[in-house]
Amino acid sequence: MPRHCKRIQPGWIMLGLTVLWMPQAIAGERLDEVTVTGTREAQAVEETPAAVSVIDASEISEARPTHPSELMSRVPGVHVNVTGGEGHMTAIRQPITTAPVYLFLEDGIPTRSTGFFNHNALYEVNLPQAGGVEVLRGPGTALYGSDAIGGVVNVLTRPAPLHPEAEIQLDVGEYGYTRLMGSAGNTWDGDGLRADLNLTRTDGWRDGTGYDRQSLNLRWDRFLDSGAVLKTVIAGSRIDQDTAGSSRLSREDYEQRPTRNYTPISFRKVGALRASTAYERETADSLLSVTSYLRQNTMDLMPNWTLNFDPYVSETENLSAGLLLRHRRDFEPMRARVIVGADFDYSPGSRVERHIETTRDGPVFTDYTVGERIYEYDVTFMSASPYVHLESSPSEHLRLSAGLRYDRMRYDYKDRLDTPPSERHRRPESTQVDFESWSPKLGATYAFHPRLSGFAAYRHAFRAPSEGQLFRPGTAVGSVDLDPVKADSYELGLRGRIGEGIDFELTLYQLDKRDDIVRFTDTATGVPETTNAGRTRHRGVEVGVGSDLGQALRLDVALSHSRHTFEEWSPRTGLDFAGNEMSSAPRLVASTRLGYRPAWLQGLHGELEWERVGRYWMDDENTTRYRGHDLVHLRMAYRIGDDLEVFGRVHNLTDERYATSSAFTQARGEELAPGLPRTVYAGVRYRFQ
């Protein structure tokens, strides 16, 4: 759990899209932790009626994550697994899933448009060089729109340094891992510039799991004479990955031959480019923000999870132009605040998909030939979404908030194939599909004591069907008639500080999803149908504790205990999962970190982490469990003078055999995707000032 108070230095600091000057006069004072994700405005966490956690730039720099999971586990209630390279699946108040129930942002801007979700979205962002990460657990729809059911992850870019500065970092590790990162920047009068470069490659520890990425971030902050700020960010990443990913092995191979990969022919090639310019002008009682952005996302994909039943290769592209408008006005009576805004998104996209014929040697896919086109279509997503957010303080200790957002969305779909569809690959006719949704929220925070505050909140959320669910139905019928998935969330939380060294947070939640999308097979006709028929319930408690243990030691604990159940779920006639726990939903997820900074050796920092993933069902019928696992990680760094730092880390110190994902079927038995064995990394960082 990040500390609630930070010691800050004089200079420019960024809060979301806002860049503020922090003068020498108040530098060094201890300030309460601030978040921008809960309301799109800089706000003290203590007055935010939601479970928000902040990972700052110094934590990211010290963690040196080679994968998003190494950073996100620090947040209570958040689990990110590894699917190869930097690929991942996420669990925030949901099972470990690839479903589009999370919203990923960069400086408040969605990294992808609604309908074109990528569950690996965090590898499209330059996370190791980020200026911070904020995680809003639970729905964020009332401010951000579709997809924000389980949570919102907002990655913040780094502003320019005040003085000329550059640094270079080289990481090396086993299995051919190499990462070179460089950064440089300066501020001249009213202009601040920064450039960050990340070049990463690995051969992968399993057969056929090589990974390459190149990322470049450019940021320009312009401080106008009027007091307004212009921020321009250009961020681009290219990823070339041979995937084993969620390619699971038989129990025997998992235990005896874990480096094996049944799907070495599969691949994922991703391009992500984002450019945005934000204008903000703030006065004593108001703020005007206008942000325009462009996005391009491309992906060439052979998914390994379909090779057994529907092998294909696809090329998808999505272009976007968007506008985010926001105006805030503060009023003296009751510290009232009104935020009104509107989001606009225009995102044309396309999909070309070809059937492939595969060649196998036993369970291993060894080659393929490309066949006929089975899907080729253009689809344009459009949305206009006004919202309002209100806050007031009827008393000194009580802060109330309410919000409402209206989303009006349209998919304009055009089928480009002139061949008749098959029963295996059905295609809807060219059409338009419209959705609209109202998303309210209510919240309250109360300061029981200067060191203790609580909150209560209700939030409604929805998730519009993705373009693949609507227009790539496979064998199913009825896909274009789908409704959005809906969710209602209820939360109670406490935050506080005990003495001078113990910070804590505690959150209880219940999230009910309805109209979940189910592929239902009528056993009388044998025809699968995609329909809104599922209801699930998600309950849990999230705990974060941070404590200084004397001058040299610090203990941080982030854990959650949850239960995810089917309330209504029938995948075919005669089969009903109601009352069962959902698969891939560990009840317990925890991370315990012990940090060490000895006074007798300035510049040394060490951290020992124990990561626990509890047992979970491997199938929705609840017949077979994965046992869970415990991992231990060690990180050490030593700073030599002001400029040079050497570091090393060991992942999975005890070399435990564990699964990053698992499943069970009657036909194939237990299948498990083995996780990274004990792996050693080392590196050096040099800063030029």
# chains A, B, ... in the order shown; residues from 1 in each chain; ligands from 1

$ residues_around --residues "region 393-400 of chain A" --least-positions-apart "6" --cutoff "7 Å" --atoms "only C-alpha atoms" --output "PyMOL selection string"
chain A and resi 47+334-336+443-447

$ residues_around --residues "region 483-496 of chain A" --least-positions-apart "3" --cutoff "7 Å" --atoms "only C-alpha atoms" --output "number ranges by chain"
A: 149, 451-465, 503-516, 532

$ write_last_selection --atoms "C-alpha atoms" --output "PDB file, in the first residue's frame"
ATOM      1  CA  ILE A 149     -17.137  -2.248 -14.406  1.00  0.00           C
ATOM      2  CA  ARG A 451      -6.555  10.466  11.268  1.00  0.00           C
ATOM      3  CA  LEU A 452      -9.690   8.477  10.416  1.00  0.00           C
ATOM      4  CA  SER A 453     -12.203   8.867   7.592  1.00  0.00           C
ATOM      5  CA  GLY A 454     -14.827   6.633   6.046  1.00  0.00           C
ATOM      6  CA  PHE A 455     -16.836   6.473   2.852  1.00  0.00           C
ATOM      7  CA  ALA A 456     -19.978   4.896   1.442  1.00  0.00           C
ATOM      8  CA  ALA A 457     -20.829   4.719  -2.249  1.00  0.00           C
ATOM      9  CA  TYR A 458     -23.274   3.401  -4.808  1.00  0.00           C
ATOM     10  CA  ARG A 459     -22.203   3.261  -8.459  1.00  0.00           C
ATOM     11  CA  HIS A 460     -23.915   1.939 -11.563  1.00  0.00           C
ATOM     12  CA  ALA A 461     -21.903   0.677 -14.515  1.00  0.00           C
ATOM     13  CA  PHE A 462     -22.424  -0.846 -17.949  1.00  0.00           C
ATOM     14  CA  ARG A 463     -20.388  -2.402 -20.700  1.00  0.00           C
ATOM     15  CA  ALA A 464     -21.487  -2.217 -24.323  1.00  0.00           C
ATOM     16  CA  PRO A 465     -20.944  -5.419 -26.342  1.00  0.00           C
ATOM     17  CA  ASP A 503      -1.479   3.695   7.479  1.00  0.00           C
ATOM     18  CA  PHE A 504      -4.437   1.494   6.633  1.00  0.00           C
ATOM     19  CA  GLU A 505      -7.439   1.165   4.345  1.00  0.00           C
ATOM     20  CA  LEU A 506     -10.368  -1.254   4.513  1.00  0.00           C
ATOM     21  CA  THR A 507     -13.091  -1.670   1.883  1.00  0.00           C
ATOM     22  CA  LEU A 508     -16.170  -3.900   1.777  1.00  0.00           C
ATOM     23  CA  TYR A 509     -17.993  -4.244  -1.541  1.00  0.00           C
ATOM     24  CA  GLN A 510     -20.762  -6.035  -3.359  1.00  0.00           C
ATOM     25  CA  LEU A 511     -21.067  -5.851  -7.134  1.00  0.00           C
ATOM     26  CA  ASP A 512     -24.041  -7.400  -8.957  1.00  0.00           C
ATOM     27  CA  LYS A 513     -23.816  -7.919 -12.721  1.00  0.00           C
ATOM     28  CA  ARG A 514     -26.870  -8.673 -14.821  1.00  0.00           C
ATOM     29  CA  ASP A 515     -27.585  -9.184 -18.505  1.00  0.00           C
ATOM     30  CA  ASP A 516     -24.160 -10.791 -18.776  1.00  0.00           C
ATOM     31  CA  ASN A 532     -28.111 -11.618 -22.272  1.00  0.00           C
TER      32      ASN A 532
END

$ residues_around --residues "Tyr175 (chain A)" --least-positions-apart "4" --cutoff "8 Å" --atoms "only C-alpha atoms" --output "ChimeraX atom specification"
/A:202-205

$ write_last_selection --atoms "N, CA and C atoms" --output "PDB file, in the first residue's frame"
ATOM      1  N   THR A 202      13.185 -10.609 -25.127  1.00  0.00           N
ATOM      2  CA  THR A 202      13.498 -11.841 -24.413  1.00  0.00           C
ATOM      3  C   THR A 202      13.239 -13.023 -25.330  1.00  0.00           C
ATOM      4  N   ASP A 203      14.000 -14.088 -25.127  1.00  0.00           N
ATOM      5  CA  ASP A 203      13.751 -15.327 -25.873  1.00  0.00           C
ATOM      6  C   ASP A 203      12.567 -16.086 -25.303  1.00  0.00           C
ATOM      7  N   GLY A 204      12.185 -15.757 -24.052  1.00  0.00           N
ATOM      8  CA  GLY A 204      11.127 -16.499 -23.391  1.00  0.00           C
ATOM      9  C   GLY A 204      11.657 -17.780 -22.775  1.00  0.00           C
ATOM     10  N   TRP A 205      11.099 -18.160 -21.652  1.00  0.00           N
ATOM     11  CA  TRP A 205      11.610 -19.360 -20.975  1.00  0.00           C
ATOM     12  C   TRP A 205      10.934 -20.626 -21.477  1.00  0.00           C
TER      13      TRP A 205
END

$ residues_around --residues "Ile234 (chain A)" --least-positions-apart "3" --cutoff "7 Å" --atoms "only C-alpha atoms" --output "ChimeraX atom specification"
/A:217-219,274-276

$ closest_residue --among "A:Thr178, A:Ser560, A:Asn304, A:Asn652" --to "Gly614 (chain A)" --atoms "only C-alpha atoms"
A:Ser560

$ select_by_dssp --residues "region 154-217 of chain A" --states "strand (DSSP E or B)" --output "PDB file with N, CA and C atoms, in the first residue's frame"
ATOM      1  N   ASN A 154      -5.344   4.068 -14.488  1.00  0.00           N
ATOM      2  CA  ASN A 154      -4.904   5.302 -15.137  1.00  0.00           C
ATOM      3  C   ASN A 154      -3.395   5.419 -14.972  1.00  0.00           C
ATOM      4  N   VAL A 155      -2.660   5.319 -16.085  1.00  0.00           N
ATOM      5  CA  VAL A 155      -1.206   5.445 -16.074  1.00  0.00           C
ATOM      6  C   VAL A 155      -0.852   6.892 -16.409  1.00  0.00           C
ATOM      7  N   LEU A 156      -0.027   7.507 -15.568  1.00  0.00           N
ATOM      8  CA  LEU A 156       0.335   8.912 -15.729  1.00  0.00           C
ATOM      9  C   LEU A 156       1.711   9.028 -16.370  1.00  0.00           C
ATOM     10  N   GLU A 165      18.565  16.979 -17.563  1.00  0.00           N
ATOM     11  CA  GLU A 165      18.722  15.691 -16.905  1.00  0.00           C
ATOM     12  C   GLU A 165      18.562  14.581 -17.926  1.00  0.00           C
ATOM     13  N   ALA A 166      19.373  13.561 -17.806  1.00  0.00           N
ATOM     14  CA  ALA A 166      19.251  12.382 -18.663  1.00  0.00           C
ATOM     15  C   ALA A 166      19.659  11.167 -17.852  1.00  0.00           C
ATOM     16  N   GLU A 167      19.083  10.030 -18.207  1.00  0.00           N
ATOM     17  CA  GLU A 167      19.482   8.792 -17.543  1.00  0.00           C
ATOM     18  C   GLU A 167      19.375   7.636 -18.513  1.00  0.00           C
ATOM     19  N   ILE A 168      20.174   6.635 -18.251  1.00  0.00           N
ATOM     20  CA  ILE A 168      20.152   5.433 -19.066  1.00  0.00           C
ATOM     21  C   ILE A 168      20.190   4.231 -18.133  1.00  0.00           C
ATOM     22  N   GLN A 169      19.417   3.203 -18.473  1.00  0.00           N
ATOM     23  CA  GLN A 169      19.336   2.013 -17.626  1.00  0.00           C
ATOM     24  C   GLN A 169      19.403   0.777 -18.501  1.00  0.00           C
ATOM     25  N   LEU A 170      20.208  -0.179 -18.075  1.00  0.00           N
ATOM     26  CA  LEU A 170      20.329  -1.451 -18.777  1.00  0.00           C
ATOM     27  C   LEU A 170      20.001  -2.578 -17.816  1.00  0.00           C
ATOM     28  N   ASP A 171      19.047  -3.430 -18.179  1.00  0.00           N
ATOM     29  CA  ASP A 171      18.678  -4.622 -17.422  1.00  0.00           C
ATOM     30  C   ASP A 171      19.023  -5.847 -18.259  1.00  0.00           C
ATOM     31  N   VAL A 172      19.577  -6.868 -17.624  1.00  0.00           N
ATOM     32  CA  VAL A 172      19.803  -8.149 -18.288  1.00  0.00           C
ATOM     33  C   VAL A 172      19.305  -9.247 -17.355  1.00  0.00           C
ATOM     34  N   GLY A 173      18.911 -10.363 -17.944  1.00  0.00           N
ATOM     35  CA  GLY A 173      18.416 -11.471 -17.146  1.00  0.00           C
ATOM     36  C   GLY A 173      18.498 -12.772 -17.905  1.00  0.00           C
ATOM     37  N   TYR A 177      16.822 -12.138 -21.618  1.00  0.00           N
ATOM     38  CA  TYR A 177      16.125 -10.886 -21.310  1.00  0.00           C
ATOM     39  C   TYR A 177      17.097  -9.708 -21.346  1.00  0.00           C
ATOM     40  N   THR A 178      16.737  -8.679 -22.111  1.00  0.00           N
ATOM     41  CA  THR A 178      17.507  -7.442 -22.179  1.00  0.00           C
ATOM     42  C   THR A 178      16.538  -6.280 -22.275  1.00  0.00           C
ATOM     43  N   ARG A 179      16.790  -5.257 -21.472  1.00  0.00           N
ATOM     44  CA  ARG A 179      15.974  -4.046 -21.569  1.00  0.00           C
ATOM     45  C   ARG A 179      16.885  -2.829 -21.463  1.00  0.00           C
ATOM     46  N   LEU A 180      16.753  -1.934 -22.437  1.00  0.00           N
ATOM     47  CA  LEU A 180      17.483  -0.673 -22.435  1.00  0.00           C
ATOM     48  C   LEU A 180      16.466   0.454 -22.363  1.00  0.00           C
ATOM     49  N   MET A 181      16.592   1.289 -21.331  1.00  0.00           N
ATOM     50  CA  MET A 181      15.688   2.423 -21.179  1.00  0.00           C
ATOM     51  C   MET A 181      16.504   3.703 -21.064  1.00  0.00           C
ATOM     52  N   GLY A 182      16.050   4.721 -21.765  1.00  0.00           N
ATOM     53  CA  GLY A 182      16.702   6.017 -21.709  1.00  0.00           C
ATOM     54  C   GLY A 182      15.683   7.119 -21.546  1.00  0.00           C
ATOM     55  N   SER A 183      16.088   8.189 -20.880  1.00  0.00           N
ATOM     56  CA  SER A 183      15.186   9.310 -20.640  1.00  0.00           C
ATOM     57  C   SER A 183      16.003  10.592 -20.624  1.00  0.00           C
ATOM     58  N   ALA A 184      15.432  11.674 -21.154  1.00  0.00           N
ATOM     59  CA  ALA A 184      16.104  12.970 -21.151  1.00  0.00           C
ATOM     60  C   ALA A 184      15.047  14.061 -21.148  1.00  0.00           C
ATOM     61  N   GLY A 185      15.385  15.193 -20.517  1.00  0.00           N
ATOM     62  CA  GLY A 185      14.437  16.298 -20.486  1.00  0.00           C
ATOM     63  C   GLY A 185      15.036  17.543 -19.878  1.00  0.00           C
ATOM     64  N   ASN A 186      14.309  18.643 -20.027  1.00  0.00           N
ATOM     65  CA  ASN A 186      14.728  19.928 -19.482  1.00  0.00           C
ATOM     66  C   ASN A 186      13.540  20.874 -19.532  1.00  0.00           C
ATOM     67  N   THR A 187      13.645  21.961 -18.766  1.00  0.00           N
ATOM     68  CA  THR A 187      12.650  23.026 -18.801  1.00  0.00           C
ATOM     69  C   THR A 187      13.348  24.338 -19.122  1.00  0.00           C
ATOM     70  N   TRP A 188      12.827  25.037 -20.150  1.00  0.00           N
ATOM     71  CA  TRP A 188      13.324  26.340 -20.544  1.00  0.00           C
ATOM     72  C   TRP A 188      12.195  27.345 -20.387  1.00  0.00           C
ATOM     73  N   ASP A 191       8.617  26.237 -21.102  1.00  0.00           N
ATOM     74  CA  ASP A 191       8.486  24.996 -21.856  1.00  0.00           C
ATOM     75  C   ASP A 191       9.257  23.877 -21.166  1.00  0.00           C
ATOM     76  N   GLY A 192       8.586  22.737 -21.001  1.00  0.00           N
ATOM     77  CA  GLY A 192       9.233  21.554 -20.456  1.00  0.00           C
ATOM     78  C   GLY A 192       9.102  20.405 -21.427  1.00  0.00           C
ATOM     79  N   LEU A 193      10.227  19.721 -21.719  1.00  0.00           N
ATOM     80  CA  LEU A 193      10.242  18.617 -22.669  1.00  0.00           C
ATOM     81  C   LEU A 193      10.824  17.379 -22.013  1.00  0.00           C
ATOM     82  N   ARG A 194      10.247  16.229 -22.331  1.00  0.00           N
ATOM     83  CA  ARG A 194      10.786  14.947 -21.866  1.00  0.00           C
ATOM     84  C   ARG A 194      10.601  13.901 -22.955  1.00  0.00           C
ATOM     85  N   ALA A 195      11.601  13.027 -23.081  1.00  0.00           N
ATOM     86  CA  ALA A 195      11.518  11.879 -23.981  1.00  0.00           C
ATOM     87  C   ALA A 195      11.911  10.627 -23.211  1.00  0.00           C
ATOM     88  N   ASP A 196      11.141   9.552 -23.368  1.00  0.00           N
ATOM     89  CA  ASP A 196      11.416   8.270 -22.722  1.00  0.00           C
ATOM     90  C   ASP A 196      11.433   7.172 -23.774  1.00  0.00           C
ATOM     91  N   LEU A 197      12.436   6.312 -23.725  1.00  0.00           N
ATOM     92  CA  LEU A 197      12.589   5.226 -24.684  1.00  0.00           C
ATOM     93  C   LEU A 197      12.740   3.909 -23.938  1.00  0.00           C
ATOM     94  N   ASN A 198      12.026   2.881 -24.396  1.00  0.00           N
ATOM     95  CA  ASN A 198      12.060   1.553 -23.780  1.00  0.00           C
ATOM     96  C   ASN A 198      12.201   0.512 -24.880  1.00  0.00           C
ATOM     97  N   LEU A 199      13.328  -0.217 -24.868  1.00  0.00           N
ATOM     98  CA  LEU A 199      13.586  -1.305 -25.816  1.00  0.00           C
ATOM     99  C   LEU A 199      13.747  -2.588 -25.013  1.00  0.00           C
ATOM    100  N   THR A 200      12.862  -3.547 -25.216  1.00  0.00           N
ATOM    101  CA  THR A 200      12.852  -4.775 -24.425  1.00  0.00           C
ATOM    102  C   THR A 200      12.781  -5.989 -25.341  1.00  0.00           C
ATOM    103  N   ARG A 201      13.528  -7.024 -24.997  1.00  0.00           N
ATOM    104  CA  ARG A 201      13.423  -8.283 -25.733  1.00  0.00           C
ATOM    105  C   ARG A 201      13.735  -9.442 -24.794  1.00  0.00           C
ATOM    106  N   THR A 202      13.185 -10.609 -25.127  1.00  0.00           N
ATOM    107  CA  THR A 202      13.498 -11.841 -24.413  1.00  0.00           C
ATOM    108  C   THR A 202      13.239 -13.023 -25.330  1.00  0.00           C
ATOM    109  N   TYR A 211       9.799 -12.340 -27.322  1.00  0.00           N
ATOM    110  CA  TYR A 211       9.032 -11.104 -27.149  1.00  0.00           C
ATOM    111  C   TYR A 211       9.944  -9.913 -27.414  1.00  0.00           C
ATOM    112  N   ASP A 212       9.457  -8.972 -28.231  1.00  0.00           N
ATOM    113  CA  ASP A 212      10.176  -7.730 -28.510  1.00  0.00           C
ATOM    114  C   ASP A 212       9.208  -6.561 -28.393  1.00  0.00           C
ATOM    115  N   ARG A 213       9.684  -5.475 -27.797  1.00  0.00           N
ATOM    116  CA  ARG A 213       8.880  -4.248 -27.755  1.00  0.00           C
ATOM    117  C   ARG A 213       9.783  -3.042 -27.939  1.00  0.00           C
ATOM    118  N   GLN A 214       9.220  -2.005 -28.554  1.00  0.00           N
ATOM    119  CA  GLN A 214       9.853  -0.704 -28.658  1.00  0.00           C
ATOM    120  C   GLN A 214       8.792   0.331 -28.297  1.00  0.00           C
ATOM    121  N   SER A 215       9.121   1.184 -27.324  1.00  0.00           N
ATOM    122  CA  SER A 215       8.189   2.220 -26.886  1.00  0.00           C
ATOM    123  C   SER A 215       8.906   3.554 -26.826  1.00  0.00           C
ATOM    124  N   LEU A 216       8.206   4.608 -27.259  1.00  0.00           N
ATOM    125  CA  LEU A 216       8.741   5.962 -27.205  1.00  0.00           C
ATOM    126  C   LEU A 216       7.640   6.894 -26.727  1.00  0.00           C
ATOM    127  N   ASN A 217       7.939   7.680 -25.701  1.00  0.00           N
ATOM    128  CA  ASN A 217       7.024   8.695 -25.186  1.00  0.00           C
ATOM    129  C   ASN A 217       7.676  10.063 -25.303  1.00  0.00           C
TER     130      ASN A 217
END

$ select_by_dssp --residues "region 118-199 of chain A" --states "helix (DSSP H, G or I)" --output "PyMOL selection string"
chain A and resi 121-124+127-129+141-144

$ residues_around --residues "Leu287 (chain A)" --least-positions-apart "4" --cutoff "6 Å" --atoms "only C-alpha atoms" --output "list in words"
Arg281, Glu282, His327 and Arg328 of chain A

$ atom_distance --atom1 "CA of Met299 (chain A)" --atom2 "CA of Met618 (chain A)"
29.7 Å

$ closest_residue --among "A:Asn126, A:Thr592, A:Thr573, A:Thr291" --to "Arg554 (chain A)" --atoms "only C-alpha atoms"
A:Thr592

$ atom_distance --atom1 "CA of His389 (chain A)" --atom2 "CA of Pro440 (chain A)"
9.7 Å

$ residues_around --residues "Ser570 (chain A)" --least-positions-apart "4" --cutoff "12 Å" --atoms "only C-alpha atoms" --output "JSON, numbers by chain"
{"A": [516, 517, 518, 519, 520, 521, 522, 523, 529, 530, 531, 532, 533, 534, 535, 536, 566, 574, 575, 576, 577, 578, 579, 580, 620, 621]}

$ write_last_selection --atoms "N, CA and C atoms" --output "compact mmCIF listing (two decimals), in the first residue's frame"
# COMPACT_ATOMS: atom_id res chain seq x y z
N ASP A 516 -25.46 -10.36 -18.28
CA ASP A 516 -24.16 -10.79 -18.78
C ASP A 516 -24.38 -11.62 -20.04
N ILE A 517 -23.37 -11.61 -20.90
CA ILE A 517 -23.52 -12.24 -22.22
C ILE A 517 -23.14 -13.71 -22.12
N VAL A 518 -24.09 -14.57 -22.50
CA VAL A 518 -23.94 -16.02 -22.41
C VAL A 518 -24.13 -16.62 -23.78
N ARG A 519 -23.28 -17.57 -24.14
CA ARG A 519 -23.50 -18.35 -25.36
C ARG A 519 -24.26 -19.60 -24.96
N PHE A 520 -25.52 -19.65 -25.32
CA PHE A 520 -26.46 -20.68 -24.88
C PHE A 520 -26.73 -21.65 -26.03
N THR A 521 -26.65 -22.96 -25.74
CA THR A 521 -26.94 -23.97 -26.75
C THR A 521 -28.24 -24.68 -26.41
N ASP A 522 -29.20 -24.59 -27.32
CA ASP A 522 -30.48 -25.29 -27.16
C ASP A 522 -30.26 -26.75 -27.58
N THR A 523 -30.35 -27.66 -26.64
CA THR A 523 -30.08 -29.07 -26.96
C THR A 523 -31.13 -29.66 -27.88
N GLU A 529 -26.75 -19.81 -29.33
CA GLU A 529 -27.31 -18.47 -29.40
C GLU A 529 -26.59 -17.59 -28.39
N THR A 530 -26.24 -16.39 -28.81
CA THR A 530 -25.65 -15.42 -27.90
C THR A 530 -26.76 -14.54 -27.34
N THR A 531 -26.83 -14.47 -26.02
CA THR A 531 -27.95 -13.76 -25.41
C THR A 531 -27.53 -13.15 -24.08
N ASN A 532 -28.32 -12.19 -23.61
CA ASN A 532 -28.11 -11.62 -22.27
C ASN A 532 -28.91 -12.44 -21.26
N ALA A 533 -28.25 -13.35 -20.57
CA ALA A 533 -28.98 -14.22 -19.66
C ALA A 533 -28.27 -14.45 -18.35
N GLY A 534 -27.08 -13.90 -18.19
CA GLY A 534 -26.29 -14.21 -17.00
C GLY A 534 -26.41 -13.17 -15.91
N ARG A 535 -26.38 -13.65 -14.65
CA ARG A 535 -26.28 -12.77 -13.49
C ARG A 535 -25.21 -13.32 -12.56
N THR A 536 -24.31 -12.47 -12.12
CA THR A 536 -23.24 -12.88 -11.22
C THR A 536 -23.17 -11.91 -10.05
N PHE A 566 -22.12 -17.46 -9.54
CA PHE A 566 -23.18 -17.38 -10.55
C PHE A 566 -24.54 -17.30 -9.85
N GLY A 574 -30.59 -27.77 -19.71
CA GLY A 574 -30.32 -28.84 -18.76
C GLY A 574 -29.07 -28.66 -17.93
N LEU A 575 -28.29 -27.60 -18.18
CA LEU A 575 -27.09 -27.34 -17.40
C LEU A 575 -27.20 -25.97 -16.76
N ASP A 576 -27.16 -25.92 -15.45
CA ASP A 576 -27.37 -24.67 -14.71
C ASP A 576 -26.27 -24.52 -13.66
N PHE A 577 -25.52 -23.42 -13.74
CA PHE A 577 -24.42 -23.17 -12.80
C PHE A 577 -24.83 -22.26 -11.65
N ALA A 578 -26.10 -21.91 -11.54
CA ALA A 578 -26.54 -21.01 -10.47
C ALA A 578 -26.12 -21.54 -9.10
N GLY A 579 -25.52 -20.68 -8.30
CA GLY A 579 -25.04 -21.06 -6.99
C GLY A 579 -23.58 -21.49 -6.96
N ASN A 580 -23.01 -21.80 -8.12
CA ASN A 580 -21.60 -22.19 -8.18
C ASN A 580 -20.69 -20.97 -8.11
N ASP A 620 -16.39 -24.22 -14.17
CA ASP A 620 -17.62 -23.61 -13.66
C ASP A 620 -18.52 -24.63 -12.97
N GLU A 621 -18.31 -25.90 -13.23
CA GLU A 621 -19.11 -26.92 -12.55
C GLU A 621 -18.59 -27.21 -11.14

$ atom_distance --atom1 "CA of Ala590 (chain A)" --atom2 "CA of His561 (chain A)"
8.7 Å

$ closest_residue --among "A:Leu136, A:Leu325, A:Val153, A:Ile96" --to "Tyr616 (chain A)" --atoms "only C-alpha atoms"
A:Ile96

$ residues_around --residues "Leu122 (chain A)" --least-positions-apart "3" --cutoff "12 Å" --atoms "only C-alpha atoms" --output "ChimeraX atom specification"
/A:67-69,71-72,80-82,85-90,102-106,110-112,117-119,125-128,130,133,152-155,237,239,272

$ closest_residue --among "A:Pro586, A:Gly474, A:Gly38, A:Gly546" --to "Gly108 (chain A)" --atoms "only C-alpha atoms"
A:Gly38

$ closest_residue --among "A:Ser292, A:Ser662, A:Ser347, A:Ser58" --to "Val233 (chain A)" --atoms "only C-alpha atoms"
A:Ser292

$ closest_residue --among "A:Leu230, A:Leu482, A:Val684, A:Ala148" --to "Val433 (chain A)" --atoms "only C-alpha atoms"
A:Leu482
